[in-house]
>>> print(open('my_file-v9.cif').read())   # mmCIF, C-alpha atoms and all ligand atoms
data_upload
#
loop_
_atom_site.label_atom_id
_atom_site.label_comp_id
_atom_site.auth_asym_id
_atom_site.auth_seq_id
_atom_site.Cartn_x
_atom_site.Cartn_y
_atom_site.Cartn_z
CA MET R 1 28.79 17.41 4.54
CA SER R 2 30.19 13.96 3.85
CA ALA R 3 33.18 12.89 1.75
CA ALA R 4 32.60 11.62 -1.79
CA CYS R 5 30.52 8.50 -2.02
CA THR R 6 29.62 6.04 -4.75
CA VAL R 7 26.06 4.70 -4.74
CA VAL R 8 25.85 1.14 -6.07
CA GLY R 9 22.58 -0.77 -6.60
CA LEU R 10 22.71 -4.57 -6.44
CA ALA R 11 19.94 -6.90 -7.62
CA ILE R 12 19.23 -10.27 -9.17
CA VAL R 13 16.22 -10.29 -11.47
CA SER R 14 14.30 -12.80 -13.52
CA GLU R 15 14.00 -12.63 -17.29
CA ASP R 16 10.93 -10.41 -16.72
CA ASP R 17 12.68 -8.00 -14.28
CA ARG R 18 11.21 -9.43 -11.05
CA ILE R 19 13.03 -9.42 -7.70
CA ALA R 20 10.41 -11.40 -5.74
CA ASP R 21 7.19 -13.33 -6.25
CA ALA R 22 3.64 -12.00 -5.99
CA ALA R 23 3.66 -12.57 -2.21
CA GLY R 24 6.88 -10.54 -1.83
CA ALA R 25 9.08 -13.58 -1.19
CA MET R 26 12.26 -14.33 -3.10
CA PRO R 27 11.77 -17.64 -4.96
CA ALA R 28 14.41 -20.36 -5.15
CA SER R 29 14.70 -19.66 -8.89
CA LEU R 30 16.37 -16.32 -8.03
CA ARG R 31 18.84 -17.80 -5.55
CA ASN R 32 22.20 -18.47 -7.11
CA ASP R 33 25.44 -19.32 -5.31
CA ALA R 34 27.71 -17.41 -7.70
CA ASP R 35 25.54 -14.31 -7.38
CA TRP R 36 25.39 -14.67 -3.60
CA ARG R 37 29.21 -14.80 -3.27
CA ARG R 38 29.61 -11.78 -5.55
CA PHE R 39 26.85 -9.91 -3.69
CA GLN R 40 28.45 -10.58 -0.30
CA ALA R 41 31.82 -9.38 -1.61
CA GLU R 42 30.23 -6.12 -2.79
CA LEU R 43 28.56 -5.59 0.59
CA ASP R 44 31.93 -6.18 2.31
CA LYS R 45 33.35 -3.18 0.41
CA ALA R 46 30.59 -0.81 1.50
CA SER R 47 30.79 1.99 4.05
CA LEU R 48 27.03 1.69 4.41
CA VAL R 49 24.35 -0.80 3.26
CA VAL R 50 20.94 0.84 2.72
CA LEU R 51 17.92 -1.47 2.61
CA GLY R 52 14.16 -1.53 3.20
CA ARG R 53 12.64 -2.45 6.55
CA LEU R 54 11.32 -5.84 5.38
CA GLY R 55 14.72 -6.86 4.06
CA HIS R 56 16.29 -5.71 7.33
CA GLU R 57 13.86 -7.78 9.36
CA ALA R 58 14.34 -10.84 7.14
CA HIS R 59 18.15 -10.72 7.09
CA ALA R 60 19.90 -10.39 10.43
CA ASN R 61 23.09 -8.36 10.15
CA THR R 62 25.33 -11.29 11.13
CA LYS R 63 28.44 -9.69 9.65
CA GLN R 64 27.70 -6.46 11.52
CA ARG R 65 28.09 -4.33 8.43
CA PRO R 66 27.16 -0.65 8.79
CA ARG R 67 23.46 -0.69 7.92
CA MET R 68 20.77 1.91 7.27
CA VAL R 69 17.10 0.86 7.27
CA VAL R 70 14.70 2.92 5.18
CA SER R 71 11.33 3.19 6.96
CA SER R 72 8.42 5.52 7.50
CA ARG R 73 8.71 4.39 11.12
CA SER R 74 11.71 6.65 11.68
CA SER R 75 11.30 10.24 12.81
CA GLY R 76 14.10 11.29 10.45
CA LEU R 77 17.35 9.56 11.32
CA GLU R 78 18.02 7.57 14.46
CA ARG R 79 20.89 5.39 15.56
CA ARG R 80 19.18 2.35 17.01
CA SER R 81 20.89 -0.72 18.47
CA ASP R 82 20.43 -2.66 15.21
CA ALA R 83 21.14 0.04 12.58
CA TRP R 84 20.62 3.60 11.45
CA TRP R 85 16.90 4.13 10.69
CA TRP R 86 16.11 6.75 8.05
CA ASN R 87 12.84 8.21 6.83
CA PRO R 88 13.46 10.02 3.52
CA ALA R 89 10.23 12.00 3.88
CA ARG R 90 11.65 13.68 6.99
CA LEU R 91 15.37 14.07 6.33
CA SER R 92 17.33 14.55 3.10
CA TRP R 93 19.72 11.90 1.84
CA ALA R 94 22.59 14.39 2.06
CA ASP R 95 21.93 14.98 5.76
CA ALA R 96 21.39 11.29 6.49
CA LEU R 97 24.58 10.37 4.67
CA ALA R 98 26.61 13.06 6.41
CA ARG R 99 25.71 11.55 9.76
CA ALA R 100 25.74 7.84 8.92
CA ALA R 101 28.77 7.71 6.60
CA PRO R 102 30.73 10.98 6.94
CA GLN R 103 33.82 9.16 5.65
CA GLY R 104 32.12 8.59 2.27
CA GLY R 105 33.00 5.48 0.27
CA ILE R 106 30.72 2.90 -1.31
CA ILE R 107 27.03 3.02 -0.44
CA ALA R 108 25.52 -0.37 -1.31
CA VAL R 109 21.79 -0.43 -2.10
CA PRO R 110 20.34 -3.99 -2.11
CA GLY R 111 16.68 -2.94 -2.31
CA GLY R 112 13.81 -3.85 -2.30
CA GLN R 113 11.61 -2.08 -4.78
CA GLY R 114 10.81 1.07 -2.77
CA VAL R 115 14.48 1.60 -1.98
CA PHE R 116 15.56 0.91 -5.57
CA ASP R 117 12.98 3.50 -6.69
CA LEU R 118 14.18 6.01 -4.11
CA PHE R 119 17.78 5.82 -5.31
CA LEU R 120 16.69 6.13 -8.93
CA GLU R 121 15.68 9.66 -7.93
CA LEU R 122 18.75 10.27 -5.75
CA GLY R 123 21.08 8.89 -8.40
CA TYR R 124 23.06 5.67 -8.83
CA ASP R 125 26.73 5.80 -9.77
CA ALA R 126 26.53 2.13 -10.72
CA PHE R 127 24.02 -0.69 -10.76
CA HIS R 128 25.05 -4.36 -10.69
CA LEU R 129 22.21 -6.12 -12.50
CA THR R 130 22.33 -9.91 -12.31
CA ARG R 131 19.86 -11.77 -14.47
CA ALA R 132 18.61 -15.34 -14.14
CA HIS R 133 17.85 -16.17 -17.74
CA GLY R 134 14.98 -18.53 -18.45
CA VAL R 135 13.24 -17.63 -15.17
CA THR R 136 9.93 -15.77 -15.25
CA ILE R 137 7.85 -14.78 -12.21
CA PRO R 138 4.38 -13.80 -13.42
CA ASN R 139 2.85 -11.06 -11.23
CA GLY R 140 6.05 -10.84 -9.19
CA ARG R 141 7.49 -7.68 -7.70
CA THR R 142 9.48 -5.76 -10.28
CA LEU R 143 12.93 -4.27 -9.69
CA PHE R 144 11.57 -0.74 -10.09
CA SER R 145 7.89 0.13 -9.91
CA GLY R 146 5.99 0.32 -13.19
CA LEU R 147 8.20 -2.05 -15.18
CA SER R 148 6.64 -4.08 -18.00
CA ALA R 149 7.62 -5.62 -21.30
CA ASN R 150 7.42 -2.08 -22.71
CA ARG R 151 9.40 -0.47 -19.88
CA THR R 152 12.31 -2.70 -18.92
CA ALA R 153 14.91 -2.37 -16.16
CA GLU R 154 17.52 -1.66 -18.84
CA ALA R 155 15.44 1.14 -20.33
CA VAL R 156 14.99 2.72 -16.89
CA LEU R 157 18.71 2.55 -16.09
CA ALA R 158 19.62 3.96 -19.50
CA GLY R 159 17.05 6.71 -19.00
CA ARG R 160 18.87 7.70 -15.81
CA GLY R 161 22.18 8.15 -17.59
CA LEU R 162 23.78 4.78 -16.90
CA LEU R 163 25.54 2.73 -19.57
CA PRO R 164 25.96 -1.07 -19.51
CA GLY R 165 29.29 -2.84 -19.52
CA PRO R 166 29.63 -6.29 -21.09
CA ALA R 167 27.42 -9.07 -19.72
CA GLU R 168 29.58 -11.49 -17.73
CA THR R 169 28.37 -15.07 -17.32
CA ILE R 170 28.75 -15.79 -13.61
CA ASP R 171 27.01 -19.18 -13.79
CA PRO R 172 26.70 -21.03 -17.09
CA ALA R 173 23.72 -22.98 -15.73
CA GLY R 174 20.64 -20.97 -16.52
CA PRO R 175 22.68 -19.02 -17.46
CA VAL R 176 23.08 -16.24 -14.89
CA THR R 177 24.76 -13.08 -16.12
CA LEU R 178 26.00 -9.89 -14.48
CA THR R 179 25.94 -6.52 -16.22
CA VAL R 180 27.41 -3.53 -14.43
CA TRP R 181 25.78 -0.26 -15.43
CA ARG R 182 27.78 2.90 -14.73
CA ARG R 183 26.96 6.56 -14.76
CA VAL R 184 28.31 8.39 -17.75
CA ARG R 185 30.45 11.26 -16.52
CA SER R 186 30.72 14.32 -18.67
CA GLY R 187 34.24 14.68 -20.01
CA ALA R 188 35.10 11.10 -18.97
N1 LIG A 1 16.13 -10.11 -6.14
C1 LIG A 1 16.72 -9.13 -5.46
O1 LIG A 1 17.80 -8.67 -5.81
C2 LIG A 1 16.03 -8.59 -4.26
C3 LIG A 1 16.48 -7.41 -3.70
C4 LIG A 1 15.82 -6.91 -2.59
C5 LIG A 1 14.74 -7.59 -2.06
N2 LIG A 1 14.36 -8.75 -2.65
C6 LIG A 1 13.21 -9.49 -2.13
O2 LIG A 1 12.08 -8.65 -2.18
C7 LIG A 1 11.30 -8.87 -1.01
C8 LIG A 1 11.30 -7.64 -0.09
O3 LIG A 1 11.36 -6.49 -0.82
P1 LIG A 1 10.25 -5.40 -0.59
O4 LIG A 1 10.39 -4.44 -1.70
O5 LIG A 1 8.95 -6.09 -0.36
O6 LIG A 1 10.64 -4.85 0.83
P2 LIG A 1 11.82 -3.93 1.42
O7 LIG A 1 12.28 -2.92 0.44
O8 LIG A 1 12.84 -4.80 2.04
O9 LIG A 1 11.02 -3.22 2.59
C9 LIG A 1 9.89 -2.43 2.28
C10 LIG A 1 9.75 -1.44 3.38
O10 LIG A 1 10.83 -0.52 3.32
C11 LIG A 1 10.38 0.76 3.66
N3 LIG A 1 10.54 1.67 2.53
C12 LIG A 1 10.88 1.36 1.25
N4 LIG A 1 10.96 2.49 0.53
C13 LIG A 1 10.67 3.52 1.37
C14 LIG A 1 10.62 4.92 1.21
N5 LIG A 1 10.86 5.53 0.03
N6 LIG A 1 10.29 5.67 2.30
C15 LIG A 1 10.06 5.09 3.50
N7 LIG A 1 10.12 3.76 3.71
C16 LIG A 1 10.42 2.99 2.64
C17 LIG A 1 8.93 0.62 4.08
O11 LIG A 1 9.00 0.33 5.47
P3 LIG A 1 7.86 0.87 6.51
O12 LIG A 1 6.68 0.00 6.26
O13 LIG A 1 8.49 0.68 7.83
O14 LIG A 1 7.61 2.30 6.15
C18 LIG A 1 8.50 -0.61 3.30
O15 LIG A 1 7.40 -1.26 3.88
C19 LIG A 1 11.93 -9.99 -0.25
O16 LIG A 1 11.42 -11.22 -0.68
C20 LIG A 1 13.36 -9.88 -0.69
O17 LIG A 1 14.06 -11.09 -0.54
C21 LIG A 1 14.97 -9.26 -3.72
#
>>> encode(input="my_file-v9.cif", output="structure tokens", more="lines below")
Ligand SMILES: NC(=O)c1ccc[n+]([C@@H]2O[C@H](COP(=O)([O-])OP(=O)(O)OC[C@H]3O[C@@H](n4cnc5c(N)ncnc54)[C@H](OP(=O)(O)O)[C@@H]3O)[C@@H](O)[C@H]2O)c1
Amino acid sequence: MSAACTVVGLAIVSEDDRIADAAGAMPASLRNDADWRRFQAELDKASLVVLGRLGHEAHANTKQRPRMVVSSRSSGLERRSDAWWWNPARLSWADALARAAPQGGIIAVPGGQGVFDLFLELGYDAFHLTRAHGVTIPNGRTLFSGLSANRTAEAVLAGRGLLPGPAETIDPAGPVTLTVWRRVRSGA
């Protein structure tokens, strides 16, 4: 059993809800300095950063933050030299969390799509959705699977019981905005 934790998703998306291009690479149009600084600050607060294997391999953990890699290549949960490796098909999130972050705190979830989908089921307490307005990435990888003009990221988050705060302009060029979605707590 671990102490209370807060699961926070973090993503920057295009106007059409894409996190990467058709080849799975993040295009320059989604790279933004203001978002990057804010993103790094959120990761600094986390007790654990949970990300997919490809993201782990692409981004060395230079700041040595506590990291958990989601992968079918794990037998359940292992502490390897580079990170915790977790296979959700073999061990529950509760058990993985109790071992990897027994102190609780903020669990940052920076994706990609499979990991964002996974935590939709497990439950986000908050989701920091940054949007690069005016950018579209036809055929790109969507934030969650199955998104389209008729099923937007906002609709999915709302459908999971999260409510948006005000959109904050973090870079007037573009512009780029940040909306923090938070779980509605009964009685709150
Ligand atoms: N715009 C953004 O905010 C944002 C956020 C994140 C990523 N990205 C970009 O998106 C691209 C990478 O994202 P991605 O979605 O292709 O890759 P990813 O999430 O980094 O890694 C995918 C891998 O994670 C593992 N995985 C994911 N969900 C799993 C599950 N439920 N169970 C077991 N394993 C699971 C699998 O590893 P195994 O093959 O080992 O099983 C899968 O191949 C990069 O270009 C990255 O820069 C952008």
>>> closest_residue(input="my_file-v9.cif", among="R:Ser145, R:Thr152, R:Ser74, R:Thr62", to="R:Gly114", atoms="only C-alpha atoms")
R:Ser145
>>> residues_near_point(input="my_file-v9.cif", point="(20.5, -7.1, -14.4)", cutoff="8 Å", atoms="all atoms listed in the file", output="list of chain:residue names")
R:Ala11, R:Ile12, R:Val13, R:Asp17, R:His128, R:Leu129, R:Thr130, R:Arg131, R:Ala153, R:Glu154, R:Thr177, R:Leu178, R:Thr179, R:Val180
>>> write_last_selection(input="my_file-v9.cif", atoms="C-alpha atoms", output="compact mmCIF listing (two decimals), in the frame of the given file")
# COMPACT_ATOMS: atom_id res chain seq x y z
CA ALA R 11 19.94 -6.90 -7.62
CA ILE R 12 19.23 -10.27 -9.17
CA VAL R 13 16.22 -10.29 -11.47
CA ASP R 17 12.68 -8.00 -14.28
CA HIS R 128 25.05 -4.36 -10.69
CA LEU R 129 22.21 -6.12 -12.50
CA THR R 130 22.33 -9.91 -12.31
CA ARG R 131 19.86 -11.77 -14.47
CA ALA R 153 14.91 -2.37 -16.16
CA GLU R 154 17.52 -1.66 -18.84
CA THR R 177 24.76 -13.08 -16.12
CA LEU R 178 26.00 -9.89 -14.48
CA THR R 179 25.94 -6.52 -16.22
CA VAL R 180 27.41 -3.53 -14.43
>>> atom_distance(input="my_file-v9.cif", atom1="atom O14 of ligand LIG 1 (chain A)", atom2="atom CA of R:Arg73")
5.5 Å
>>> atom_distance(input="my_file-v9.cif", atom1="atom CA of R:Tyr124", atom2="atom CA of R:Leu91")
19.0 Å
>>> atom_distance(input="my_file-v9.cif", atom1="atom C12 of ligand LIG 1 (chain A)", atom2="atom CA of R:Gln64")
21.2 Å
